[in-house]
>>> print(open('final-v7.cif').read())   # mmCIF, C-alpha atoms
data_run
loop_
_atom_site.label_atom_id
_atom_site.label_comp_id
_atom_site.auth_asym_id
_atom_site.auth_seq_id
_atom_site.Cartn_x
_atom_site.Cartn_y
_atom_site.Cartn_z
CA MET A 527 -30.66 -3.41 15.66
CA THR A 528 -29.31 -5.80 18.27
CA ASP A 529 -27.86 -5.43 21.74
CA GLN A 530 -25.26 -8.10 20.86
CA LEU A 531 -23.04 -5.42 19.34
CA VAL A 532 -22.42 -1.78 20.26
CA PHE A 533 -21.38 0.71 17.58
CA GLU A 534 -20.25 4.23 18.45
CA VAL A 535 -18.41 7.07 16.70
CA LYS A 536 -16.55 9.80 18.57
CA ASP A 537 -13.73 12.12 17.54
CA ARG A 538 -13.28 10.40 14.14
CA ILE A 539 -12.87 6.98 15.80
CA ALA A 540 -15.50 4.26 15.39
CA THR A 541 -15.77 1.60 18.09
CA ILE A 542 -17.29 -1.82 17.40
CA ARG A 543 -17.79 -3.70 20.67
CA LEU A 544 -18.95 -7.31 20.73
CA ASN A 545 -21.54 -7.57 23.48
CA ARG A 546 -22.34 -11.11 24.64
CA PRO A 547 -20.16 -11.18 27.77
CA ASP A 548 -22.05 -14.14 29.28
CA ARG A 549 -20.80 -16.26 26.33
CA TYR A 550 -17.38 -14.61 25.99
CA ASN A 551 -18.79 -12.78 22.96
CA ALA A 552 -19.30 -15.94 20.92
CA PHE A 553 -20.89 -14.76 17.71
CA THR A 554 -24.36 -15.47 16.37
CA HIS A 555 -26.06 -14.77 13.05
CA GLU A 556 -27.51 -11.61 14.60
CA MET A 557 -24.15 -10.34 15.86
CA LEU A 558 -22.37 -11.08 12.58
CA LYS A 559 -25.03 -9.22 10.60
CA ALA A 560 -24.73 -6.17 12.87
CA TRP A 561 -20.93 -6.43 12.68
CA ALA A 562 -21.01 -6.43 8.87
CA ASP A 563 -23.44 -3.48 8.86
CA ALA A 564 -21.11 -1.53 11.18
CA LEU A 565 -18.14 -2.20 8.91
CA ARG A 566 -20.07 -0.98 5.88
CA GLU A 567 -20.88 2.22 7.74
CA CYS A 568 -17.22 2.61 8.69
CA ARG A 569 -16.22 2.09 5.07
CA ASP A 570 -18.67 4.67 3.74
CA ARG A 571 -18.55 7.47 6.31
CA ASP A 572 -16.04 10.25 5.65
CA ASP A 573 -16.00 11.31 9.31
CA ILE A 574 -14.55 7.97 10.44
CA TYR A 575 -10.75 7.84 10.26
CA VAL A 576 -9.90 4.84 12.49
CA ILE A 577 -11.84 1.75 13.61
CA VAL A 578 -11.44 0.07 17.01
CA LEU A 579 -12.76 -3.45 17.66
CA THR A 580 -13.05 -4.89 21.17
CA GLY A 581 -15.26 -7.05 23.38
CA THR A 582 -17.34 -6.62 26.52
CA GLY A 583 -16.36 -8.41 29.71
CA LYS A 584 -13.54 -10.87 30.33
CA GLY A 585 -13.32 -12.26 26.82
CA PHE A 586 -12.62 -10.71 23.43
CA CYS A 587 -14.35 -13.43 21.42
CA SER A 588 -14.66 -17.19 21.76
CA GLY A 589 -15.59 -17.59 18.08
CA GLY A 590 -18.60 -19.64 17.09
CA ASP A 591 -20.89 -20.93 19.82
CA VAL A 592 -19.59 -24.47 20.44
CA GLY A 593 -22.69 -25.23 22.48
CA ASN A 594 -24.78 -25.03 19.32
CA MET A 595 -22.52 -27.27 17.23
CA LYS A 596 -24.40 -30.44 18.17
CA ASN A 597 -27.65 -28.88 16.94
CA ARG A 598 -25.94 -27.78 13.72
CA SER A 599 -24.67 -31.32 13.04
CA GLU A 600 -27.99 -32.09 11.37
CA GLU A 601 -27.56 -29.28 8.85
CA SER A 602 -26.54 -30.10 5.32
CA ALA A 603 -23.05 -29.30 4.06
CA TYR A 604 -24.63 -26.55 1.96
CA GLN A 605 -26.28 -24.98 5.00
CA ARG A 606 -23.05 -25.03 6.98
CA ARG A 607 -21.14 -23.48 4.08
CA SER A 608 -23.83 -20.83 3.66
CA PHE A 609 -23.41 -19.80 7.30
CA LEU A 610 -19.72 -19.21 6.62
CA THR A 611 -20.10 -17.44 3.28
CA ASP A 612 -23.21 -15.40 4.15
CA PHE A 613 -22.21 -14.37 7.66
CA VAL A 614 -18.69 -15.20 8.91
CA HIS A 615 -16.81 -14.54 5.66
CA GLN A 616 -18.49 -11.15 5.28
CA ILE A 617 -16.21 -9.78 8.02
CA PRO A 618 -12.81 -10.42 6.34
CA LEU A 619 -14.20 -9.57 2.90
CA LEU A 620 -15.52 -6.22 4.12
CA LEU A 621 -12.25 -5.52 5.93
CA GLU A 622 -10.50 -6.09 2.62
CA GLU A 623 -12.52 -3.17 1.21
CA ILE A 624 -11.62 -0.79 4.04
CA ASP A 625 -8.47 1.31 3.73
CA LYS A 626 -8.97 2.89 7.15
CA PRO A 627 -6.81 1.53 9.99
CA VAL A 628 -8.41 -1.16 12.16
CA ILE A 629 -7.06 -1.57 15.71
CA VAL A 630 -8.16 -4.55 17.80
CA ALA A 631 -8.15 -4.19 21.59
CA VAL A 632 -7.96 -7.78 22.86
CA ASN A 633 -9.49 -7.58 26.33
CA GLY A 634 -9.39 -11.29 27.22
CA VAL A 635 -9.50 -14.75 25.70
CA ALA A 636 -9.50 -14.94 21.90
CA THR A 637 -10.06 -18.49 20.74
CA GLY A 638 -10.80 -20.23 17.44
CA ALA A 639 -12.63 -17.86 15.13
CA GLY A 640 -12.38 -15.23 17.86
CA MET A 641 -8.60 -15.30 17.55
CA ASP A 642 -8.92 -15.16 13.78
CA MET A 643 -11.20 -12.12 13.99
CA ALA A 644 -8.47 -10.40 16.02
CA LEU A 645 -5.89 -11.33 13.37
CA MET A 646 -7.99 -9.56 10.72
CA GLY A 647 -7.19 -6.15 12.20
CA ASP A 648 -4.18 -4.09 11.17
CA LEU A 649 -2.85 -3.60 14.70
CA ARG A 650 -3.53 -5.41 17.99
CA VAL A 651 -3.19 -4.12 21.54
CA ALA A 652 -3.60 -6.84 24.18
CA ALA A 653 -4.46 -6.71 27.84
CA ARG A 654 -1.92 -8.56 29.95
CA SER A 655 -4.56 -11.15 30.84
CA ALA A 656 -5.40 -11.84 27.19
CA LYS A 657 -4.57 -15.23 25.74
CA PHE A 658 -4.95 -16.79 22.34
CA ALA A 659 -5.58 -20.28 20.95
CA GLU A 660 -6.43 -21.77 17.57
CA THR A 661 -8.79 -24.36 19.04
CA TYR A 662 -10.37 -25.78 15.88
CA VAL A 663 -8.48 -29.07 15.98
CA LYS A 664 -9.97 -29.75 19.44
CA VAL A 665 -13.39 -30.14 17.83
CA GLY A 666 -12.15 -31.84 14.67
CA LEU A 667 -12.20 -28.72 12.49
CA PHE A 668 -9.81 -26.23 10.96
CA ALA A 669 -9.81 -22.45 10.54
CA GLY A 670 -12.53 -21.96 7.95
CA ASP A 671 -12.81 -18.20 8.37
CA GLY A 672 -9.38 -17.15 7.14
CA GLY A 673 -7.21 -17.90 10.17
CA SER A 674 -4.97 -20.24 8.22
CA TRP A 675 -4.40 -17.36 5.77
CA TYR A 676 -3.80 -14.57 8.31
CA LEU A 677 -1.70 -16.38 10.92
CA PRO A 678 1.23 -17.46 8.67
CA ARG A 679 1.51 -13.89 7.42
CA LEU A 680 2.02 -12.68 10.99
CA VAL A 681 4.19 -15.38 12.54
CA GLY A 682 5.53 -17.44 9.60
CA LYS A 683 4.43 -20.86 8.37
CA PRO A 684 6.21 -23.12 10.91
CA LYS A 685 4.90 -21.24 13.95
CA ALA A 686 1.42 -20.96 12.44
CA LEU A 687 1.28 -24.71 11.81
CA GLU A 688 2.43 -25.38 15.37
CA LEU A 689 -0.35 -23.24 16.82
CA LEU A 690 -2.99 -24.64 14.46
CA TRP A 691 -1.95 -28.27 15.06
CA THR A 692 -1.55 -28.13 18.84
CA ALA A 693 -4.29 -25.64 19.84
CA ARG A 694 -2.05 -24.57 22.71
CA TRP A 695 -2.62 -21.34 24.60
CA VAL A 696 -0.44 -18.34 23.84
CA SER A 697 -0.04 -15.69 26.53
CA ALA A 698 -0.18 -11.99 25.73
CA GLU A 699 3.58 -11.73 26.27
CA GLU A 700 4.35 -14.58 23.88
CA ALA A 701 1.86 -13.16 21.38
CA GLU A 702 3.82 -9.91 21.41
CA ARG A 703 7.14 -11.73 21.08
CA ILE A 704 6.10 -13.77 18.02
CA GLY A 705 4.27 -10.91 16.28
CA ILE A 706 0.60 -11.61 16.90
CA VAL A 707 0.12 -8.38 18.86
CA ASN A 708 1.87 -5.02 18.65
CA ARG A 709 1.93 -4.26 22.35
CA VAL A 710 0.77 -5.54 25.73
CA VAL A 711 -0.55 -3.25 28.46
CA ASP A 712 -2.06 -3.72 31.91
CA ASP A 713 -5.72 -4.67 31.78
CA GLU A 714 -6.92 -1.39 33.25
CA ASP A 715 -4.94 0.56 30.63
CA LEU A 716 -6.15 -1.35 27.57
CA MET A 717 -8.75 1.01 26.16
CA ALA A 718 -6.82 4.16 27.08
CA ALA A 719 -3.74 2.82 25.29
CA THR A 720 -5.82 1.71 22.31
CA TYR A 721 -7.57 5.06 21.92
CA GLU A 722 -4.29 6.92 22.37
CA LEU A 723 -2.89 4.95 19.43
CA ALA A 724 -6.11 5.46 17.44
CA GLN A 725 -6.04 9.21 18.07
CA GLN A 726 -2.38 9.41 17.07
CA ILE A 727 -3.22 7.80 13.73
CA ALA A 728 -6.45 9.76 13.28
CA ALA A 729 -4.45 13.00 13.60
CA GLN A 730 -2.43 12.15 10.48
CA PRO A 731 -3.55 13.04 6.93
CA PRO A 732 -6.20 10.40 6.16
CA ILE A 733 -5.44 10.04 2.45
CA ALA A 734 -1.81 9.21 3.25
CA ILE A 735 -2.84 6.78 6.01
CA ARG A 736 -5.20 4.89 3.70
CA LEU A 737 -2.78 4.76 0.78
CA ILE A 738 -0.07 3.43 3.11
CA LYS A 739 -2.38 0.60 4.14
CA ARG A 740 -3.32 -0.10 0.53
CA ALA A 741 0.32 -0.08 -0.61
CA VAL A 742 1.39 -2.48 2.14
CA ARG A 743 -1.46 -4.87 1.38
CA GLN A 744 -0.89 -4.81 -2.36
CA GLY A 745 2.85 -5.10 -1.87
CA GLU A 746 2.32 -8.57 -0.42
CA ARG A 747 0.90 -9.77 -3.73
CA ILE A 748 2.92 -8.05 -6.46
CA ASP A 749 6.54 -7.81 -7.58
CA ILE A 750 8.75 -4.83 -6.74
CA ARG A 751 8.58 -3.26 -10.22
CA THR A 752 4.78 -3.28 -10.18
CA HIS A 753 4.82 -1.93 -6.64
CA LEU A 754 7.12 0.95 -7.60
CA ASP A 755 4.96 1.85 -10.59
CA MET A 756 1.92 1.97 -8.33
CA ALA A 757 3.77 3.92 -5.62
CA GLY A 758 4.93 6.52 -8.16
CA SER A 759 1.38 7.12 -9.32
CA HIS A 760 0.11 7.42 -5.76
CA MET A 761 2.86 9.86 -4.81
CA ALA A 762 2.21 12.06 -7.84
CA ALA A 763 -1.47 12.25 -6.94
CA MET A 764 -0.77 12.97 -3.26
CA TYR A 765 1.36 16.01 -4.09
CA SER A 766 -1.82 17.69 -5.35
CA THR A 767 -3.85 17.12 -2.17
CA LYS A 768 -4.81 19.95 0.15
CA ASP A 769 -3.56 17.87 3.09
CA HIS A 770 -0.05 17.78 1.62
CA LYS A 771 -0.05 21.54 1.15
CA GLU A 772 -1.38 21.99 4.69
CA ALA A 773 1.35 19.74 6.10
CA VAL A 774 4.08 21.71 4.36
CA SER A 775 2.60 25.06 5.42
CA ALA A 776 2.24 23.90 9.02
CA PHE A 777 5.84 22.70 9.07
CA VAL A 778 7.15 26.03 7.77
CA GLU A 779 4.91 28.02 10.11
CA LYS A 780 5.74 25.78 13.10
CA ARG A 781 2.12 24.99 13.90
CA THR A 782 -0.06 21.89 14.22
CA PRO A 783 -1.63 20.97 10.87
CA THR A 784 -5.34 20.47 10.37
CA PHE A 785 -6.14 17.71 7.90
CA LYS A 786 -9.49 17.30 6.13
CA GLY A 787 -8.90 14.32 3.86
CA GLU A 788 -8.84 16.47 0.73
#
>>> encode(input="final-v7.cif", output="structure tokens")
Amino acid sequence: MTDQLVFEVKDRIATIRLNRPDRYNAFTHEMLKAWADALRECRDRDDIYVIVLTGTGKGFCSGGDVGNMKNRSEESAYQRRSFLTDFVHQIPLLLEEIDKPVIVAVNGVATGAGMDMALMGDLRVAARSAKFAETYVKVGLFAGDGGSWYLPRLVGKPKALELLWTARWVSAEEAERIGIVNRVVDDEDLMAATYELAQQIAAQPPIAIRLIKRAVRQGERIDIRTHLDMAGSHMAAMYSTKDHKEAVSAFVEKRTPTFKGE
């Protein structure tokens, strides 16, 4: 285990908190390994319905540790690629396997790969003081962790290219306006607002929540006829779930349903 990342589960909500506040949560090999392990646990545990990702201190994540880049300049191209594939890329690839909702609470600056890690979530809640920047071009690089894939899907190609080419800062308010974040709240309300949203989602039938996420993701890659065929099969299967029957019974009986993911 490492103290560079905190992992907790409470009331069906898992929290992954990056924990290097002195370096604005810049990630290391050790942190990325713990991060990947936490995501695997979230994927495999039936008692986890929603995942929250955030950072400790004044920054969400400043990406890779720029201070170590000079030392890494002596590495071979193979070694540098291995760091990406064996550590950094494990995060988006594991997230691709997880149907459970992922909410990112952006508590401060999110730059470079740190911004991209925020983009990998399904929803983003930002503190008013949060700000974003795709800073790769400042150090002669580009988004090698998936940022150039995620960002255009959120804001469109022209805006994504502008942000990637200029590395300019985006305030929390602008991020909300252009679609990077879902909502902006006062700094002191960030985690309360995030957990309120997480609890609202966790109270829904989990099978339906996960199939909604899967259908939206797959819908981005397939034609409408294929999507409708898939949706029909999913719907037919969902009619047989205990959660569906519980939802109908609760509606008729005017009570709050209790869902078990069955």
>>> closest_residue(input="final-v7.cif", among="A:Val710, A:Ala644, A:Ile704, A:Ala656", to="Tyr676 (chain A)", atoms="all atoms listed in the file")
A:Ala644
>>> resolve_selection(input="final-v7.cif", expression="the PyMOL selection byres ((chain A and resi 723) around 12)", output="VMD selection string")
chain A and resid 539 576 to 578 627 to 631 649 to 651 708 to 709 716 to 722 724 to 730
>>> closest_residue(input="final-v7.cif", among="A:Arg571, A:Lys786, A:His753, A:Lys685", to="Asp769 (chain A)", atoms="all atoms listed in the file")
A:Lys786
>>> residues_around(input="final-v7.cif", residues="Asp715 (chain A)", least_positions_apart="6", cutoff="10 Å", atoms="all atoms listed in the file", output="PyMOL selection string")
chain A and resi 652-654
>>> atom_distance(input="final-v7.cif", atom1="CA of Ser697 (chain A)", atom2="CA of Met646 (chain A)")
18.7 Å
>>> residues_around(input="final-v7.cif", residues="region 663-665 of chain A", least_positions_apart="5", cutoff="8 Å", atoms="only C-alpha atoms", output="mmCIF file with C-alpha atoms, in the coordinates of the input")
data_model
loop_
_atom_site.group_PDB
_atom_site.id
_atom_site.type_symbol
_atom_site.label_atom_id
_atom_site.label_comp_id
_atom_site.auth_asym_id
_atom_site.auth_seq_id
_atom_site.Cartn_x
_atom_site.Cartn_y
_atom_site.Cartn_z
ATOM 1 C CA LEU A 690 -2.990 -24.640 14.460
ATOM 2 C CA TRP A 691 -1.950 -28.270 15.060
ATOM 3 C CA THR A 692 -1.550 -28.130 18.840
ATOM 4 C CA ALA A 693 -4.290 -25.640 19.840
#
>>> residues_around(input="final-v7.cif", residues="Leu620 (chain A)", least_positions_apart="3", cutoff="9 Å", atoms="all atoms listed in the file", output="mmCIF file with C-alpha atoms, in the frame of the given file")
data_model
loop_
_atom_site.group_PDB
_atom_site.id
_atom_site.type_symbol
_atom_site.label_atom_id
_atom_site.label_comp_id
_atom_site.auth_asym_id
_atom_site.auth_seq_id
_atom_site.Cartn_x
_atom_site.Cartn_y
_atom_site.Cartn_z
ATOM 1 C CA ALA A 562 -21.010 -6.430 8.870
ATOM 2 C CA LEU A 565 -18.140 -2.200 8.910
ATOM 3 C CA ARG A 566 -20.070 -0.980 5.880
ATOM 4 C CA ARG A 569 -16.220 2.090 5.070
ATOM 5 C CA HIS A 615 -16.810 -14.540 5.660
ATOM 6 C CA GLN A 616 -18.490 -11.150 5.280
ATOM 7 C CA ILE A 617 -16.210 -9.780 8.020
ATOM 8 C CA GLU A 623 -12.520 -3.170 1.210
ATOM 9 C CA ILE A 624 -11.620 -0.790 4.040
#
>>> closest_residue(input="final-v7.cif", among="A:Lys683, A:Lys657, A:Arg543, A:Arg736", to="Gly638 (chain A)", atoms="all atoms listed in the file")
A:Lys657
>>> resolve_selection(input="final-v7.cif", expression="the PyMOL selection byres ((chain A and resi 534) around 12)", output="list of chain:residue names")
A:Leu531, A:Val532, A:Phe533, A:Val535, A:Lys536, A:Asp537, A:Arg538, A:Ile539, A:Ala540, A:Thr541, A:Ile542, A:Arg543, A:Leu544, A:Ala564, A:Leu565, A:Glu567, A:Cys568, A:Ile574, A:Val576, A:Ile577, A:Val578, A:Leu579, A:Thr580
>>> closest_residue(input="final-v7.cif", among="A:Trp675, A:Asp529, A:Thr582, A:Arg747", to="Ala560 (chain A)", atoms="all atoms listed in the file")
A:Asp529
>>> build_atoms(input="final-v7.cif", residues="region 692-715 of chain A", atoms="N, CA, C and O atoms", output="PDB file, keeping the file's coordinate frame")
ATOM      1  N   THR A 692      -1.562 -27.781  17.413  1.00  0.00           N
ATOM      2  CA  THR A 692      -1.550 -28.130  18.840  1.00  0.00           C
ATOM      3  C   THR A 692      -2.675 -27.483  19.627  1.00  0.00           C
ATOM      4  O   THR A 692      -3.020 -27.973  20.720  1.00  0.00           O
ATOM      5  N   ALA A 693      -3.231 -26.383  19.145  1.00  0.00           N
ATOM      6  CA  ALA A 693      -4.290 -25.640  19.840  1.00  0.00           C
ATOM      7  C   ALA A 693      -3.831 -25.148  21.208  1.00  0.00           C
ATOM      8  O   ALA A 693      -4.653 -24.896  22.091  1.00  0.00           O
ATOM      9  N   ARG A 694      -2.527 -24.988  21.389  1.00  0.00           N
ATOM     10  CA  ARG A 694      -2.050 -24.570  22.710  1.00  0.00           C
ATOM     11  C   ARG A 694      -2.318 -23.093  22.948  1.00  0.00           C
ATOM     12  O   ARG A 694      -2.434 -22.302  22.016  1.00  0.00           O
ATOM     13  N   TRP A 695      -2.377 -22.729  24.219  1.00  0.00           N
ATOM     14  CA  TRP A 695      -2.620 -21.340  24.600  1.00  0.00           C
ATOM     15  C   TRP A 695      -1.351 -20.511  24.445  1.00  0.00           C
ATOM     16  O   TRP A 695      -0.257 -20.969  24.750  1.00  0.00           O
ATOM     17  N   VAL A 696      -1.531 -19.299  23.985  1.00  0.00           N
ATOM     18  CA  VAL A 696      -0.440 -18.340  23.840  1.00  0.00           C
ATOM     19  C   VAL A 696      -0.747 -17.141  24.732  1.00  0.00           C
ATOM     20  O   VAL A 696      -1.807 -16.523  24.608  1.00  0.00           O
ATOM     21  N   SER A 697       0.156 -16.839  25.644  1.00  0.00           N
ATOM     22  CA  SER A 697      -0.040 -15.690  26.530  1.00  0.00           C
ATOM     23  C   SER A 697       0.116 -14.390  25.752  1.00  0.00           C
ATOM     24  O   SER A 697       0.643 -14.366  24.634  1.00  0.00           O
ATOM     25  N   ALA A 698      -0.325 -13.290  26.371  1.00  0.00           N
ATOM     26  CA  ALA A 698      -0.180 -11.990  25.730  1.00  0.00           C
ATOM     27  C   ALA A 698       1.289 -11.672  25.472  1.00  0.00           C
ATOM     28  O   ALA A 698       1.650 -11.142  24.412  1.00  0.00           O
ATOM     29  N   GLU A 699       2.152 -12.011  26.429  1.00  0.00           N
ATOM     30  CA  GLU A 699       3.580 -11.730  26.270  1.00  0.00           C
ATOM     31  C   GLU A 699       4.188 -12.514  25.122  1.00  0.00           C
ATOM     32  O   GLU A 699       4.968 -11.980  24.328  1.00  0.00           O
ATOM     33  N   GLU A 700       3.835 -13.798  25.005  1.00  0.00           N
ATOM     34  CA  GLU A 700       4.350 -14.580  23.880  1.00  0.00           C
ATOM     35  C   GLU A 700       3.762 -14.072  22.575  1.00  0.00           C
ATOM     36  O   GLU A 700       4.465 -14.008  21.551  1.00  0.00           O
ATOM     37  N   ALA A 701       2.488 -13.689  22.587  1.00  0.00           N
ATOM     38  CA  ALA A 701       1.860 -13.160  21.380  1.00  0.00           C
ATOM     39  C   ALA A 701       2.593 -11.927  20.886  1.00  0.00           C
ATOM     40  O   ALA A 701       2.785 -11.744  19.681  1.00  0.00           O
ATOM     41  N   GLU A 702       3.043 -11.073  21.805  1.00  0.00           N
ATOM     42  CA  GLU A 702       3.820  -9.910  21.410  1.00  0.00           C
ATOM     43  C   GLU A 702       5.180 -10.329  20.852  1.00  0.00           C
ATOM     44  O   GLU A 702       5.653  -9.798  19.839  1.00  0.00           O
ATOM     45  N   ARG A 703       5.800 -11.308  21.486  1.00  0.00           N
ATOM     46  CA  ARG A 703       7.140 -11.730  21.080  1.00  0.00           C
ATOM     47  C   ARG A 703       7.138 -12.337  19.675  1.00  0.00           C
ATOM     48  O   ARG A 703       8.068 -12.105  18.892  1.00  0.00           O
ATOM     49  N   ILE A 704       6.100 -13.086  19.322  1.00  0.00           N
ATOM     50  CA  ILE A 704       6.100 -13.770  18.020  1.00  0.00           C
ATOM     51  C   ILE A 704       5.368 -12.970  16.944  1.00  0.00           C
ATOM     52  O   ILE A 704       5.289 -13.412  15.799  1.00  0.00           O
ATOM     53  N   GLY A 705       4.829 -11.798  17.295  1.00  0.00           N
ATOM     54  CA  GLY A 705       4.270 -10.910  16.280  1.00  0.00           C
ATOM     55  C   GLY A 705       2.772 -10.943  16.104  1.00  0.00           C
ATOM     56  O   GLY A 705       2.254 -10.345  15.156  1.00  0.00           O
ATOM     57  N   ILE A 706       2.052 -11.611  17.016  1.00  0.00           N
ATOM     58  CA  ILE A 706       0.600 -11.610  16.900  1.00  0.00           C
ATOM     59  C   ILE A 706       0.023 -10.274  17.344  1.00  0.00           C
ATOM     60  O   ILE A 706      -0.931  -9.773  16.755  1.00  0.00           O
ATOM     61  N   VAL A 707       0.594  -9.686  18.402  1.00  0.00           N
ATOM     62  CA  VAL A 707       0.120  -8.380  18.860  1.00  0.00           C
ATOM     63  C   VAL A 707       1.253  -7.374  18.810  1.00  0.00           C
ATOM     64  O   VAL A 707       2.435  -7.733  18.863  1.00  0.00           O
ATOM     65  N   ASN A 708       0.880  -6.098  18.721  1.00  0.00           N
ATOM     66  CA  ASN A 708       1.870  -5.020  18.650  1.00  0.00           C
ATOM     67  C   ASN A 708       2.399  -4.623  20.011  1.00  0.00           C
ATOM     68  O   ASN A 708       3.574  -4.280  20.158  1.00  0.00           O
ATOM     69  N   ARG A 709       1.506  -4.641  21.003  1.00  0.00           N
ATOM     70  CA  ARG A 709       1.930  -4.260  22.350  1.00  0.00           C
ATOM     71  C   ARG A 709       1.002  -4.872  23.382  1.00  0.00           C
ATOM     72  O   ARG A 709      -0.151  -5.207  23.087  1.00  0.00           O
ATOM     73  N   VAL A 710       1.533  -5.008  24.597  1.00  0.00           N
ATOM     74  CA  VAL A 710       0.770  -5.540  25.730  1.00  0.00           C
ATOM     75  C   VAL A 710       0.751  -4.477  26.819  1.00  0.00           C
ATOM     76  O   VAL A 710       1.785  -3.871  27.124  1.00  0.00           O
ATOM     77  N   VAL A 711      -0.419  -4.243  27.396  1.00  0.00           N
ATOM     78  CA  VAL A 711      -0.550  -3.250  28.460  1.00  0.00           C
ATOM     79  C   VAL A 711      -1.342  -3.874  29.608  1.00  0.00           C
ATOM     80  O   VAL A 711      -2.010  -4.899  29.446  1.00  0.00           O
ATOM     81  N   ASP A 712      -1.265  -3.255  30.776  1.00  0.00           N
ATOM     82  CA  ASP A 712      -2.060  -3.720  31.910  1.00  0.00           C
ATOM     83  C   ASP A 712      -3.535  -3.645  31.562  1.00  0.00           C
ATOM     84  O   ASP A 712      -3.981  -2.762  30.807  1.00  0.00           O
ATOM     85  N   ASP A 713      -4.303  -4.570  32.130  1.00  0.00           N
ATOM     86  CA  ASP A 713      -5.720  -4.670  31.780  1.00  0.00           C
ATOM     87  C   ASP A 713      -6.458  -3.343  31.909  1.00  0.00           C
ATOM     88  O   ASP A 713      -7.237  -2.959  31.029  1.00  0.00           O
ATOM     89  N   GLU A 714      -6.198  -2.628  33.007  1.00  0.00           N
ATOM     90  CA  GLU A 714      -6.920  -1.390  33.250  1.00  0.00           C
ATOM     91  C   GLU A 714      -6.525  -0.270  32.288  1.00  0.00           C
ATOM     92  O   GLU A 714      -7.214   0.740  32.186  1.00  0.00           O
ATOM     93  N   ASP A 715      -5.416  -0.462  31.575  1.00  0.00           N
ATOM     94  CA  ASP A 715      -4.940   0.560  30.630  1.00  0.00           C
ATOM     95  C   ASP A 715      -5.280   0.239  29.185  1.00  0.00           C
ATOM     96  O   ASP A 715      -4.924   1.019  28.288  1.00  0.00           O
TER      97      ASP A 715
END
